[in-house]
Structures are given as C-alpha cells and as structure tokens.
2 protein chains.
Amino acid sequence: MLNLESVGMERGLLYETVVTTRNEDGTPNAAPMGVICKNENEVVLYLHQGSQTVMNVKREEKFLVNITKDPMVFVESTLGNPSQESFEHFDNGYYIKGTDAFLVVEVLRMRDVEREDQFGVSTTTVINAKVQEIVKKKDHVEPLNRAIYGVIEALVYLTRMEMVSGDMEKLYRHRMREISRIVNKVGGLEHKRAMKRISDAFSKYE
Amino acid sequence: MLNLESVGMERGLLYETVVTTRNEDGTPNAAPMGVICKNENEVVLYLHQGSQTVMNVKREEKFLVNITKDPMVFVESTLGNPSQESFEHFDNGYYIKGTDAFLVVEVLRMRDVEREDQFGVSTTTVINAKVQEIVKKKDHVEPLNRAIYGVIEALVYLTRMEMVSGDMEKLYRHRMREISRIVNKVGGLEHKRAMKRISDAFSKYE
C-alpha cells in the first residue's frame, strides 16, 4: 500500500525536499521545493512561475520528490544544478544519488494563481500530484520539517529579550514574527500550539 | 555496547535536548540544553551558572538527557517546568514521558569558565559526562541538530537578496552571519562545507 506515512510524512505538514525533473533535452534538473502532504498519497506544491522546474512539470506531468538531508544537495540545486553524476535514472526520470527516499508523483491538476507576498505580486503554479511509487533507500526515513526548529529558535529569542535593546530588540521582534509565520505554515497542531504559547509570552515585549 | 550512534548522534555535532535533573527535595526539573557528542560514550554540555540544572548537576553528578522532538516539552521546560505528571521515574532520576530516547549520564569532570559573548561576560559550567545507559523508547531515534535547517534558511536569504533593500537587506545580512555561526557550532563537516559555499556566494552582497 502506498502511504506517505511510510516516509514519515504527516497530513498537513510541509517538508523541505528536492524535486527532480527531466529537461526537454533529456538532462536532469533539481530544485529545492516545499512539499505539502495533503493525504496519504497526494502532495501539493507551490512553484514559482518561470523556473525550470515548473516548465518541466508542465511538459512532463511527472516528477520525483527526493527526501534527503544532504546539505550539499540543497546548496547545489539552489545555486545551480548538481553535476550529471549526482543523478540516477529511474524509469524516464531521475533521482538524486544518496537520497534517503524518493516519491514518483504524477500531476493531478495544476493552476496558476496570482499571489501577493512581502516581495510583491507574482504568479505561482499550484500543483496537486498523486504519489505513484515510494522508493525507500534507507530503512527509516524522516523528512525535513522546519517547525520544531522554529519553536526552538523562538524560545531562544524569548529568553534573550530581557538582555537586548535598540536594534537587536527590533531584530528579535521581526524574527519572532517570521518564525511564527513559518511554524504556522509548515507545522502540525502541536507545533502551532507551542508557537501560540511562545507568542503569548512574547507579547509583553511588543 | 553503549554507543551514541544508536540514537543517531555523531561525533562533534551539537544536539538540542531536554536535560532532566533531580532537585534537592526530590522533585524533577527539566531544561532545554545543547549536548555535544564528544565520542561514542561521552557528551559535553555548557551550562549557564545560576540555573537550577547546574545546581542539581553539581550536587547529584548524574542526570538524564532526553532526546525528543515534542514542541510542548521544549516550551514548558523553557517557560517554567513541565507538570509532575510529565515525568517518569528511572532509578533515582526522571525522564520525560513520551521521549524518543534518553541517556543516563554521569559527570566525569566539571569546570567553571568565564565566557564572553554578544551579551557580555558570564560564567559557564563546562561538563564532561560519561554515558552509562541508553534507553530507546522508539526503534529509530533521530536527535535534533539545527545545522541542515540553518543551511536551508541561509539559502532562502541568499536567493532573496536581489529582491530586498534597506532595512530588510541589513536584517538578512545580520541573520546570515548568525546562521553561519550556528551551523559552524552545531554542524558536521558537510554542513560547514555547505555553509562556506553559501557564504562565498553571499559575499557579493556584503
């Protein structure tokens, strides 16, 4: 049975992954992407218009989601593209050598939406995709979710607020809002509950 | 054989844990603490003078290190102390109910050092402790290490630098230095290598 729980993914949480797609000329492409676990066999992605990944996904309607914690894979796929030798073939696509696991997914539906964030208005392609296969390269897989790190960082700032002033204090307040936003975007109920407690305690500094 | 690798701890990395100690009146105390894996059966902690934990460790010379990802445990042990029902007895000490694993450790040596950081000079107690027992409550345990999250966050800032200006740009630069400091403190060789690549790419904005 296909079930994203087998790679540690929980419904509603967003995980940091590396998506691998096939370029028109058959070469591989990799890019870091947030992947939301919608249910046991469906994921949702928000892709920025104009990226190689969105073009490839629109053409191929199929891609792979790599679950890895390798820091150099994230760096290389952000700053450029990992070397050809960093990929392995799988069916008609590619996964990243050394990945803990990967998902083979197929687009169910796609829509372009205008979104406004702190950097202005941009077009995002929202992709719902069905998991067709899960390949585990390690017995136990734990995907990257940022929520607990946000909670821990927020606690650091909270306990330091008595010690800072001026620009640092302003910076901590800004960072606290940013963390709260991230935890509420990527986390589960318990993360959000924890963040609420921290925000309540922090409110005396606002 | 006692080996910290059995709970996913690698030599030289710093993990976010919750340390549980016994108060003088026999009640339990919990506090979030960074724990460095020195080798397969020794850990190092840097404790702030004046905390309940440091007093308890100095008196008892024994404590437990809980490996957990429960956000509420981190919140409660930072903002106060978890309720008595959150603890379970173990030998003469306590661990946190629901923890993924815990280590029973005994102090090998302790020394007070003056340290200067961004908040001024303070006294820190450096503790080397020997692992006497490892108790796993889950088959697979993965301790919290912040390095990969730092790398991912740094990549976000790096790719956004073209889009920001003024105060935001200043903030990103500050945050980048902070992340670099954390990754180099808590991470392994690959994390540091990745961070170096990011810092090099970021240097054009400095």
# chains A, B, ... in the order shown; residues from 1 in each chain; ligands from 1
>>> residues_around(residues="B:Gln84", least_positions_apart="2", cutoff="10 Å", atoms="only C-alpha atoms", output="PyMOL selection string")
chain B and resi 27-29+81-82+86-88+96
>>> write_last_selection(atoms="N, CA and C atoms", output="mmCIF file, in the first residue's frame")
data_model
loop_
_atom_site.group_PDB
_atom_site.id
_atom_site.type_symbol
_atom_site.label_atom_id
_atom_site.label_comp_id
_atom_site.auth_asym_id
_atom_site.auth_seq_id
_atom_site.Cartn_x
_atom_site.Cartn_y
_atom_site.Cartn_z
ATOM 1 N N THR B 27 12.060 16.452 43.790
ATOM 2 C CA THR B 27 11.172 16.700 42.644
ATOM 3 C C THR B 27 11.986 16.812 41.348
ATOM 4 N N PRO B 28 11.337 16.633 40.197
ATOM 5 C CA PRO B 28 12.069 16.688 38.926
ATOM 6 C C PRO B 28 12.194 18.094 38.351
ATOM 7 N N ASN B 29 13.258 18.301 37.590
ATOM 8 C CA ASN B 29 13.455 19.563 36.869
ATOM 9 C C ASN B 29 13.828 19.246 35.428
ATOM 10 N N ASN B 81 8.411 24.768 34.254
ATOM 11 C CA ASN B 81 8.779 23.360 34.359
ATOM 12 C C ASN B 81 7.560 22.530 33.991
ATOM 13 N N PRO B 82 7.735 21.446 33.250
ATOM 14 C CA PRO B 82 6.574 20.613 32.933
ATOM 15 C C PRO B 82 5.939 20.093 34.230
ATOM 16 N N SER B 86 4.389 14.894 33.822
ATOM 17 C CA SER B 86 5.129 14.781 32.565
ATOM 18 C C SER B 86 6.392 13.947 32.724
ATOM 19 N N PHE B 87 6.712 13.583 33.957
ATOM 20 C CA PHE B 87 7.955 12.842 34.212
ATOM 21 C C PHE B 87 7.673 11.395 34.590
ATOM 22 N N GLU B 88 8.675 10.550 34.309
ATOM 23 C CA GLU B 88 8.639 9.163 34.762
ATOM 24 C C GLU B 88 9.909 8.911 35.575
ATOM 25 N N ILE B 96 11.460 12.244 30.637
ATOM 26 C CA ILE B 96 10.209 12.859 30.205
ATOM 27 C C ILE B 96 9.356 11.853 29.463
#
>>> interface_residues(of="chain A", to="chain B", cutoff="7 Å", atoms="only C-alpha atoms", output="MDAnalysis selection string")
chainID A and resid 69 71:72 75 119 140 146 148:149 151 163 190:191 194
>>> atom_distance(atom1="atom CA of A:Lys130", atom2="atom CA of A:Val105")
5.3 Å
>>> select_by_dssp(residues="stretch 9-167 of chain A", states="strand (DSSP E)", output="PyMOL selection string")
chain A and resi 14-22+28-39+42-48+62-67+87-90+93-96+101-117+120-136
>>> select_by_dssp(residues="stretch 88-179 of chain B", states="helix (DSSP H, G or I)", output="JSON, numbers by chain")
{"B": [147, 148, 149, 150, 151, 152, 153, 154, 155, 156, 157, 158, 159, 160, 161, 162, 163, 166, 167, 168, 169, 170, 171, 172, 173, 174, 175, 176, 177, 178, 179]}
>>> write_last_selection(atoms="C-alpha atoms", output="short mmCIF file (atom, residue, chain, number, x, y, z; two decimals), in the first residue's frame")
data_model
loop_
_atom_site.label_atom_id
_atom_site.label_comp_id
_atom_site.auth_asym_id
_atom_site.auth_seq_id
_atom_site.Cartn_x
_atom_site.Cartn_y
_atom_site.Cartn_z
CA ALA B 147 22.62 22.58 11.00
CA ILE B 148 20.57 21.48 7.98
CA TYR B 149 17.84 23.98 8.89
CA GLY B 150 20.44 26.74 9.04
CA VAL B 151 21.68 25.74 5.61
CA ILE B 152 18.16 25.79 4.17
CA GLU B 153 17.33 29.14 5.77
CA ALA B 154 20.59 30.64 4.54
CA LEU B 155 19.72 29.53 1.00
CA VAL B 156 16.36 31.28 1.29
CA TYR B 157 18.06 34.54 2.27
CA LEU B 158 20.69 34.18 -0.41
CA THR B 159 18.11 33.80 -3.18
CA ARG B 160 16.06 36.71 -1.84
CA MET B 161 18.92 39.20 -1.62
CA GLU B 162 18.19 40.55 -5.10
CA MET B 163 14.66 41.39 -4.01
CA GLY B 166 17.26 48.98 3.08
CA ASP B 167 16.34 47.61 6.50
CA MET B 168 15.40 44.18 5.13
CA GLU B 169 18.75 43.83 3.43
CA LYS B 170 20.53 44.76 6.68
CA LEU B 171 18.41 42.24 8.53
CA TYR B 172 19.22 39.47 6.05
CA ARG B 173 22.93 40.18 6.34
CA HIS B 174 22.73 40.02 10.12
CA ARG B 175 20.72 36.81 10.00
CA MET B 176 23.20 35.26 7.56
CA ARG B 177 26.08 35.87 9.99
CA GLU B 178 24.03 34.39 12.82
CA ILE B 179 23.16 31.28 10.79
#
>>> residues_around(residues="A:Ser51", least_positions_apart="2", cutoff="12 Å", atoms="only C-alpha atoms", output="list in words")
Thr21, Asn23, Asn29, Ala30, Ala31, Pro32, Met33, Tyr46, Leu47, His48, Gln49, Thr53, Val54, Met55, Asn56, Val57, Lys58, Thr78, Thr123, Thr124 and Thr125 of chain A
>>> atom_distance(atom1="atom CA of B:Ser6", atom2="atom CA of B:Ile182")
24.8 Å
>>> atom_distance(atom1="atom CA of A:Arg22", atom2="atom CA of A:Glu116")
29.4 Å
